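Asker: Contents of work.csv (CSV, C-alpha atoms and all ligand atoms):
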```
chain,number,residue,atom,x,y,z
A,1,MET,CA,4.9,14.0,1.1
A,2,PHE,CA,7.6,14.0,-1.6
A,3,ASN,CA,8.0,17.7,-1.3
A,4,SER,CA,11.7,17.7,-0.8
A,5,LEU,CA,12.3,15.0,-3.5
A,6,SER,CA,10.1,17.0,-5.8
A,7,ASP,CA,12.0,20.2,-5.2
A,8,ARG,CA,15.4,18.5,-5.6
A,9,LEU,CA,14.4,16.9,-8.9
A,10,THR,CA,12.9,20.1,-10.3
A,11,SER,CA,16.0,22.1,-9.6
A,12,THR,CA,18.1,19.4,-11.1
A,13,PHE,CA,16.1,19.7,-14.3
A,14,LYS,CA,16.4,23.4,-14.3
A,15,ASN,CA,20.1,23.1,-14.9
A,16,LEU,CA,19.3,21.4,-18.2
A,17,ARG,CA,17.1,24.1,-19.5
A,18,GLY,CA,18.2,25.9,-22.6
A,19,LYS,CA,21.0,23.4,-23.4
A,20,GLY,CA,21.0,22.6,-27.1
A,21,ARG,CA,22.7,19.3,-26.6
A,22,LEU,CA,23.5,17.3,-23.5
A,23,SER,CA,27.1,16.1,-23.1
A,24,GLU,CA,27.9,12.9,-21.3
A,25,SER,CA,29.1,15.0,-18.4
A,26,ASP,CA,25.8,16.9,-18.3
A,27,ILE,CA,24.0,13.6,-18.1
A,28,ASN,CA,26.4,12.2,-15.4
A,29,ALA,CA,25.9,15.3,-13.3
A,30,THR,CA,22.1,15.0,-13.6
A,31,ILE,CA,22.2,11.3,-12.7
A,32,ARG,CA,24.4,12.2,-9.6
A,33,ASP,CA,21.9,14.8,-8.5
A,34,ILE,CA,19.0,12.3,-9.0
A,35,ARG,CA,20.8,9.6,-7.0
A,36,LEU,CA,21.5,12.0,-4.1
A,37,ALA,CA,17.9,13.2,-4.1
A,38,LEU,CA,16.6,9.6,-4.0
A,39,ILE,CA,19.0,8.6,-1.2
A,40,ASP,CA,18.0,11.6,0.9
A,41,ALA,CA,14.3,10.6,0.3
A,42,ASP,CA,15.1,7.2,1.9
A,43,VAL,CA,14.7,5.2,-1.3
A,44,ALA,CA,16.4,1.7,-0.9
A,45,THR,CA,19.9,1.5,-2.3
A,46,PRO,CA,19.3,-1.3,-4.8
A,47,VAL,CA,16.3,0.6,-6.2
A,48,VAL,CA,18.3,3.8,-6.5
A,49,ARG,CA,21.0,2.0,-8.4
A,50,GLU,CA,18.7,0.3,-10.8
A,51,PHE,CA,16.6,3.4,-11.4
A,52,THR,CA,19.5,5.7,-12.1
A,53,GLY,CA,21.2,3.0,-14.2
A,54,ARG,CA,18.2,2.8,-16.5
A,55,ILE,CA,17.9,6.6,-16.7
A,56,ARG,CA,21.5,7.0,-17.6
A,57,GLU,CA,21.3,4.3,-20.3
A,58,ARG,CA,18.2,5.8,-21.9
A,59,ALA,CA,19.5,9.4,-21.6
A,60,LEU,CA,22.8,8.6,-23.3
A,61,GLY,CA,21.1,6.8,-26.1
A,62,ALA,CA,18.1,9.2,-26.2
A,63,GLU,CA,16.0,9.1,-29.3
A,64,VAL,CA,16.1,12.5,-30.8
A,65,SER,CA,12.6,14.0,-30.8
A,66,ALA,CA,11.8,17.1,-32.8
A,67,ALA,CA,9.2,18.1,-30.2
A,68,LEU,CA,11.4,18.0,-27.2
A,69,ASN,CA,14.6,19.7,-26.3
A,70,PRO,CA,17.3,17.5,-24.6
A,71,GLY,CA,16.3,18.7,-21.1
A,72,GLN,CA,12.7,17.8,-21.7
A,73,GLN,CA,13.8,14.5,-23.0
A,74,VAL,CA,15.5,13.7,-19.7
A,75,VAL,CA,12.4,14.7,-17.8
A,76,LYS,CA,10.3,12.5,-19.9
A,77,ILE,CA,12.6,9.5,-19.3
A,78,VAL,CA,12.7,10.1,-15.6
A,79,ASN,CA,8.9,10.4,-15.6
A,80,GLU,CA,8.5,7.1,-17.4
A,81,GLU,CA,11.0,5.3,-15.1
A,82,LEU,CA,9.3,6.7,-12.0
A,83,VAL,CA,6.0,5.3,-13.3
A,84,GLU,CA,7.7,1.9,-13.7
A,85,VAL,CA,9.3,2.0,-10.2
A,86,LEU,CA,5.8,2.9,-8.8
A,87,GLY,CA,4.4,-0.2,-10.4
A,88,GLY,CA,3.5,0.7,-14.0
A,89,LYS,CA,-0.2,0.5,-14.6
A,90,THR,CA,-3.0,1.2,-12.1
A,91,ARG,CA,-4.1,-2.2,-10.6
A,92,GLU,CA,-7.7,-2.6,-9.8
A,93,LEU,CA,-9.0,-4.7,-7.0
A,94,GLN,CA,-9.6,-8.3,-8.2
A,95,LEU,CA,-13.2,-9.2,-7.5
A,96,ALA,CA,-14.1,-12.8,-7.0
A,97,LYS,CA,-16.1,-14.3,-9.8
A,98,ARG,CA,-18.4,-15.8,-7.2
A,99,PRO,CA,-18.9,-13.4,-4.3
A,100,PRO,CA,-17.9,-12.7,-1.6
A,101,THR,CA,-14.6,-11.2,-2.5
A,102,VAL,CA,-12.3,-11.9,0.5
A,103,ILE,CA,-9.7,-9.3,1.3
A,104,MET,CA,-7.2,-9.9,4.0
A,105,LEU,CA,-5.2,-7.0,5.5
A,106,ALA,CA,-1.7,-7.5,7.0
A,107,GLY,CA,1.1,-5.3,8.3
A,108,LEU,CA,2.9,-4.1,11.4
A,109,GLN,CA,1.0,-2.7,14.4
A,110,GLY,CA,0.4,1.0,13.9
A,111,SER,CA,0.8,0.8,10.2
A,112,GLY,CA,-2.8,2.0,9.7
A,113,LYS,CA,-4.5,-1.4,8.9
A,114,THR,CA,-7.6,-0.9,11.0
A,115,THR,CA,-8.2,2.6,9.9
A,116,PHE,CA,-7.7,1.5,6.3
A,117,ALA,CA,-10.2,-1.4,6.8
A,118,GLY,CA,-12.9,1.3,7.4
A,119,LYS,CA,-11.7,3.4,4.5
A,120,LEU,CA,-11.8,0.5,2.0
A,121,ALA,CA,-15.2,-0.6,3.3
A,122,ARG,CA,-16.6,2.9,2.8
A,123,HIS,CA,-14.9,3.3,-0.6
A,124,LEU,CA,-16.5,0.0,-1.8
A,125,ARG,CA,-19.8,0.8,-0.2
A,126,ASP,CA,-19.8,4.0,-2.2
A,127,LYS,CA,-19.3,2.0,-5.3
A,128,GLY,CA,-22.4,-0.1,-4.6
A,129,HIS,CA,-20.9,-3.0,-2.8
A,130,PHE,CA,-22.1,-4.5,0.5
A,131,PRO,CA,-18.9,-5.0,2.5
A,132,VAL,CA,-18.5,-6.4,6.0
A,133,LEU,CA,-15.5,-6.1,8.3
A,134,VAL,CA,-14.1,-9.1,10.3
A,135,ALA,CA,-12.2,-8.5,13.5
A,136,ALA,CA,-9.5,-11.2,13.4
A,137,ASP,CA,-6.9,-9.1,15.3
A,138,LEU,CA,-7.3,-10.6,18.8
A,139,GLN,CA,-3.8,-9.6,19.8
A,140,ARG,CA,-4.2,-6.1,20.9
A,141,PRO,CA,-6.7,-5.5,23.7
A,142,ASN,CA,-8.7,-2.8,22.0
A,143,ALA,CA,-8.4,-3.9,18.4
A,144,VAL,CA,-11.9,-5.5,18.2
A,145,THR,CA,-13.6,-2.5,19.7
A,146,GLN,CA,-11.5,-0.2,17.4
A,147,LEU,CA,-12.7,-2.1,14.3
A,148,GLU,CA,-16.3,-1.9,15.5
A,149,VAL,CA,-16.0,1.9,15.8
A,150,VAL,CA,-14.3,2.1,12.4
A,151,ALA,CA,-17.1,0.0,10.9
A,152,GLU,CA,-19.8,2.2,12.4
A,153,ARG,CA,-18.1,5.3,10.9
A,154,ALA,CA,-17.9,3.6,7.5
A,155,GLY,CA,-21.6,2.5,7.8
A,156,VAL,CA,-20.9,-1.2,7.4
A,157,PRO,CA,-21.4,-4.1,9.7
A,158,CYS,CA,-18.6,-5.8,11.7
A,159,PHE,CA,-18.3,-9.5,12.7
A,160,ALA,CA,-16.4,-9.8,15.9
A,161,PRO,CA,-16.0,-12.7,18.3
A,162,GLU,CA,-18.4,-12.5,21.2
A,163,ARG,CA,-17.0,-11.0,24.4
A,164,GLY,CA,-18.9,-11.4,27.7
A,165,ASN,CA,-22.1,-9.3,27.8
A,166,GLU,CA,-20.9,-6.4,25.7
A,167,GLY,CA,-23.4,-7.1,23.0
A,168,GLY,CA,-24.7,-4.5,20.7
A,169,HIS,CA,-22.6,-5.6,17.8
A,170,ASP,CA,-23.1,-8.0,15.0
A,171,THR,CA,-21.2,-11.1,16.2
A,172,ALA,CA,-19.9,-14.2,14.6
A,173,SER,CA,-21.3,-17.2,16.5
A,174,THR,CA,-18.7,-18.8,18.7
A,175,GLU,CA,-20.6,-22.0,19.2
A,176,GLY,CA,-18.7,-25.2,19.3
A,177,THR,CA,-15.3,-25.9,20.7
A,178,GLN,CA,-13.3,-22.9,19.4
A,179,SER,CA,-12.3,-20.3,21.9
A,180,TYR,CA,-12.7,-16.6,21.6
A,181,GLY,CA,-9.0,-16.3,21.1
A,182,ASP,CA,-8.5,-18.1,17.9
A,183,PRO,CA,-8.1,-15.6,15.1
A,184,VAL,CA,-8.1,-18.2,12.3
A,185,TRP,CA,-11.4,-19.5,13.4
A,186,VAL,CA,-12.9,-16.0,13.8
A,187,ALA,CA,-11.7,-15.1,10.3
A,188,GLN,CA,-13.3,-18.3,8.9
A,189,ALA,CA,-16.5,-17.7,10.8
A,190,GLY,CA,-16.6,-14.1,9.5
A,191,VAL,CA,-16.3,-15.2,5.9
A,192,GLY,CA,-18.9,-17.9,6.5
A,193,GLN,CA,-21.3,-15.4,7.9
A,194,ALA,CA,-20.7,-13.1,5.0
A,195,LYS,CA,-21.7,-15.9,2.6
A,196,VAL,CA,-24.9,-16.7,4.6
A,197,ARG,CA,-25.9,-13.0,4.8
A,198,GLN,CA,-24.9,-12.3,1.2
A,199,TYR,CA,-22.3,-9.6,1.7
A,200,ASP,CA,-20.2,-9.3,-1.4
A,201,VAL,CA,-16.9,-8.2,0.1
A,202,VAL,CA,-15.3,-9.4,3.3
A,203,ILE,CA,-12.4,-7.4,4.7
A,204,VAL,CA,-10.5,-9.3,7.4
A,205,ASP,CA,-8.3,-7.3,9.8
A,206,THR,CA,-5.4,-9.2,11.2
A,207,ALA,CA,-3.0,-8.7,14.1
A,208,GLY,CA,0.2,-6.7,13.8
A,209,ARG,CA,3.2,-6.4,16.0
A,210,LEU,CA,5.6,-3.6,16.4
A,211,ALA,CA,8.3,-5.5,14.5
A,212,VAL,CA,8.2,-8.5,12.2
A,213,ASP,CA,7.6,-11.5,14.5
A,214,GLU,CA,7.6,-15.3,13.7
A,215,ASN,CA,4.4,-16.0,15.6
A,216,LEU,CA,2.5,-13.1,14.1
A,217,MET,CA,3.6,-14.2,10.6
A,218,GLN,CA,2.6,-17.8,11.2
A,219,GLN,CA,-0.8,-16.6,12.4
A,220,ALA,CA,-1.3,-14.4,9.4
A,221,ALA,CA,-0.2,-17.3,7.1
A,222,ASP,CA,-2.7,-19.6,8.9
A,223,ILE,CA,-5.5,-17.1,8.3
A,224,ARG,CA,-4.5,-16.8,4.7
A,225,ALA,CA,-4.5,-20.6,4.2
A,226,ALA,CA,-7.9,-20.9,6.0
A,227,ILE,CA,-9.8,-18.2,4.2
A,228,GLN,CA,-8.1,-18.3,0.8
A,229,PRO,CA,-8.5,-14.6,0.2
A,230,ASP,CA,-8.8,-13.1,-3.3
A,231,GLU,CA,-6.5,-10.2,-2.2
A,232,VAL,CA,-4.0,-9.9,0.6
A,233,LEU,CA,-3.2,-6.2,1.1
A,234,PHE,CA,0.0,-5.3,2.9
A,235,VAL,CA,-0.4,-2.0,4.7
A,236,ILE,CA,2.8,0.0,5.2
A,237,ASP,CA,3.4,3.3,6.9
A,238,ALA,CA,5.0,5.6,4.3
A,239,MET,CA,7.1,7.1,7.2
A,240,ILE,CA,8.9,3.8,7.8
A,241,GLY,CA,11.9,4.9,5.8
A,242,GLN,CA,14.7,2.5,5.1
A,243,ALA,CA,13.0,-0.3,7.1
A,244,ALA,CA,10.4,-0.5,4.3
A,245,ILE,CA,12.2,-3.1,2.3
A,246,GLU,CA,13.0,-5.5,5.1
A,247,THR,CA,9.5,-5.3,6.4
A,248,ALA,CA,7.9,-5.7,3.0
A,249,LEU,CA,10.1,-8.7,2.1
A,250,ALA,CA,9.3,-10.4,5.4
A,251,PHE,CA,5.5,-9.9,4.8
A,252,GLN,CA,5.9,-11.1,1.2
A,253,LYS,CA,7.6,-14.3,2.4
A,254,GLY,CA,5.1,-14.7,5.2
A,255,VAL,CA,1.7,-14.0,3.6
A,256,ASP,CA,2.6,-13.5,-0.1
A,257,PHE,CA,0.6,-10.3,-0.4
A,258,THR,CA,-1.0,-9.4,-3.7
A,259,GLY,CA,-1.0,-5.6,-3.3
A,260,VAL,CA,0.3,-2.8,-1.2
A,261,VAL,CA,-1.4,0.0,0.7
A,262,LEU,CA,0.7,3.1,1.5
A,263,SER,CA,-0.6,4.7,4.5
A,264,LYS,CA,0.0,8.1,6.1
A,265,LEU,CA,1.0,9.6,2.7
A,266,ASP,CA,-0.4,12.9,4.0
A,267,GLY,CA,2.5,13.1,6.5
A,268,ASP,CA,5.9,14.7,5.8
A,269,ALA,CA,7.7,11.4,5.1
A,270,ARG,CA,10.3,11.6,2.5
A,271,GLY,CA,8.7,9.0,0.2
A,272,GLY,CA,11.3,6.2,0.2
A,273,ALA,CA,8.9,3.5,1.1
A,274,ALA,CA,6.6,4.5,-1.8
A,275,LEU,CA,9.4,4.4,-4.2
A,276,SER,CA,10.9,1.1,-3.0
A,277,VAL,CA,8.2,-1.3,-2.0
A,278,SER,CA,6.7,-2.1,-5.4
A,279,SER,CA,9.9,-2.5,-7.3
A,280,VAL,CA,11.5,-4.7,-4.6
A,281,THR,CA,8.5,-7.0,-4.1
A,282,GLY,CA,7.0,-6.8,-7.6
A,283,ARG,CA,3.6,-6.2,-6.1
A,284,PRO,CA,1.5,-3.2,-7.1
A,285,ILE,CA,0.7,-0.3,-4.8
A,286,MET,CA,-3.1,-0.3,-5.0
A,287,TYR,CA,-4.3,2.4,-2.5
A,288,SER,CA,-3.0,5.3,-0.6
A,289,SER,CA,-4.2,6.3,2.8
A,290,ILE,CA,-4.0,10.0,3.2
A,291,GLY,CA,-5.5,10.9,6.6
A,292,GLU,CA,-7.3,9.7,9.7
A,293,GLN,CA,-10.8,10.1,8.4
A,294,THR,CA,-12.8,7.3,6.6
A,295,LYS,CA,-12.9,9.3,3.4
A,296,ASP,CA,-9.1,9.6,3.2
A,297,ILE,CA,-8.4,6.9,0.7
A,298,GLU,CA,-7.3,7.1,-2.9
A,299,VAL,CA,-6.8,4.5,-5.6
A,300,PHE,CA,-3.1,4.6,-6.4
A,301,HIS,CA,-2.2,5.6,-9.9
A,302,PRO,CA,1.6,5.3,-10.6
A,303,ASP,CA,1.4,7.8,-13.5
A,304,ARG,CA,-0.4,10.5,-11.5
A,305,MET,CA,2.0,10.0,-8.6
A,306,ALA,CA,5.0,10.3,-10.9
A,307,SER,CA,3.6,13.6,-12.3
A,308,ARG,CA,3.0,14.9,-8.8
A,309,ILE,CA,6.6,14.2,-7.9
A,310,LEU,CA,7.9,15.9,-11.1
A,311,ASP,CA,5.4,18.7,-11.0
B,401,LIG,P1,-3.1,-0.7,13.0
B,401,LIG,O1,-2.4,-1.0,14.3
B,401,LIG,O2,-2.2,-1.1,11.8
B,401,LIG,O3,-4.5,-1.2,12.9
B,401,LIG,O4,-3.1,0.9,12.9
B,401,LIG,P2,-4.3,1.9,13.1
B,401,LIG,O5,-5.3,1.9,12.0
B,401,LIG,O6,-4.8,1.8,14.5
B,401,LIG,O7,-3.5,3.3,12.9
B,401,LIG,C1,-2.5,3.7,13.8
B,401,LIG,C2,-2.5,5.3,13.9
B,401,LIG,O8,-2.2,5.9,12.7
B,401,LIG,C3,-3.9,5.8,14.4
B,401,LIG,O9,-3.7,6.8,15.3
B,401,LIG,C4,-4.5,6.3,13.1
B,401,LIG,O10,-5.4,7.4,13.3
B,401,LIG,C5,-3.3,6.8,12.3
B,401,LIG,N1,-3.5,6.7,10.9
B,401,LIG,C6,-3.9,5.6,10.2
B,401,LIG,N2,-3.9,5.9,8.8
B,401,LIG,C7,-3.4,7.2,8.7
B,401,LIG,C8,-3.2,8.0,7.6
B,401,LIG,O11,-3.4,7.7,6.4
B,401,LIG,N3,-2.8,9.3,7.9
B,401,LIG,C9,-2.5,9.7,9.1
B,401,LIG,N4,-2.1,11.0,9.3
B,401,LIG,N5,-2.7,8.9,10.2
B,401,LIG,C10,-3.2,7.7,10.0
```
Translate this structure into structure tokens?
Ligand code: GDP
Answerer:
Amino acid sequence: MFNSLSDRLTSTFKNLRGKGRLSESDINATIRDIRLALIDADVATPVVREFTGRIRERALGAEVSAALNPGQQVVKIVNEELVEVLGGKTRELQLAKRPPTVIMLAGLQGSGKTTFAGKLARHLRDKGHFPVLVAADLQRPNAVTQLEVVAERAGVPCFAPERGNEGGHDTASTEGTQSYGDPVWVAQAGVGQAKVRQYDVVIVDTAGRLAVDENLMQQAADIRAAIQPDEVLFVIDAMIGQAAIETALAFQKGVDFTGVVLSKLDGDARGGAALSVSSVTGRPIMYSSIGEQTKDIEVFHPDRMASRILD
């Protein structure tokens, strides 16, 4: 991840080494190289424009620092602006004042939501919480079973709607008139069960589709309205490239997510999604998902990611 962008930026900065003073044309050439590197990394055009604009402005009017030569000064500016574009400060999960904390996951099918549900549950369990997963993705035939497997691997319980005689799992009661197929009801029942059984974090997995879809979005919005989550995390595949912006904006409009999870950051994606989503939606990236195993989760730190890119 980011390897190519990282290499491109590093070699750009090499050209500035040893220069006693940077002329306007040095700065313009540097900005041009940064712009091309970002475009090749699939960063959204408006983000590239704003980012390079800010760097140019700051580099031209750069404060003279005795400790840094002009090249280092530019690297420092790029680093600071990268931190900003990645969301600024690390944003911690907001825990409810009165448990349980309800976390809803949303995103396209295949984005890594279900896998992430297990990772987050395990991460929180390791920090001393008692999380429970709720299977409100009733769209995909195997989604409920998949979440149950994920829960087992994470060592946490899973509330799922009852299906026939499969048994063996901790089920939300489906008494009453609601059918097995109503994800809003399942989500509500799951949160209700968590309260009764005193779990302190509820992670609700919701359905995804291959592309943004009105019905899917309405269903997710209905779940959101019904369970009033403390956090809505939008999971996005870092490999999605230029489609990141359109997808993120559609989910922001549909479910007004509070934070972003970048998944598959272990892949060889060029990084555009990571560098675009937060600045376009104004929502922080809170976690990265870096593999298929339950342990492959990291809290996202914009400053550390920026340093990694510029390393
Ligand atoms: P969902 O449809 O959004 O619930 O997506 P899944 O959780 O089922 O993930 C889709 C596929 O991506 C599965 O094959 C996962 O093993 C894989 N996957 C999920 N997260 C990651 C990740 O961080 N890195 C990698 N390499 N694969 C992942």
Asker: With all atoms listed in the file counted, collect every polymer residue having an atom within 6 Å of ligand LIG 401 (chain B); state the result as a PyMOL selection string.
Answerer: chain A and resi 108-115+263-264+266-267+289-292
Asker: Which residue gives the smallest distance to Asp296 (chain A) among A:Ala187, A:Leu9, A:Ile55, A:Leu265, with all atoms listed in the file counted?
Answerer: A:Leu265
Asker: For Asp42 (chain A), which residue out of A:Thr258, A:Thr30, A:Gln242, A:Ser23 is the nearest one, using all atoms listed in the file?
Answerer: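 Smallest distance to Asp42 (chain A) is found for A:Gln242.
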Asker: Can you list, as a list of chain:residue names, every protein, DNA or RNA residue that comes within 7 Å of Val232 (chain A) when you count only C-alpha atoms, leaving out same-chain residues fewer than 6 positions away?
Answerer: A:Ile103, A:Met104, A:Leu105, A:Phe257, A:Thr258, A:Gly259
Asker: Counting all atoms listed in the file, figure out which residue out of A:Gly53, A:Gly254, A:Gly208, A:Pro141 gets nearest to Glu81 (chain A).
Answerer: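 Checking each of A:Gly53, A:Gly254, A:Gly208, A:Pro141 against Glu81 (chain A), counting all atoms listed in the file, the winner is A:Gly53.
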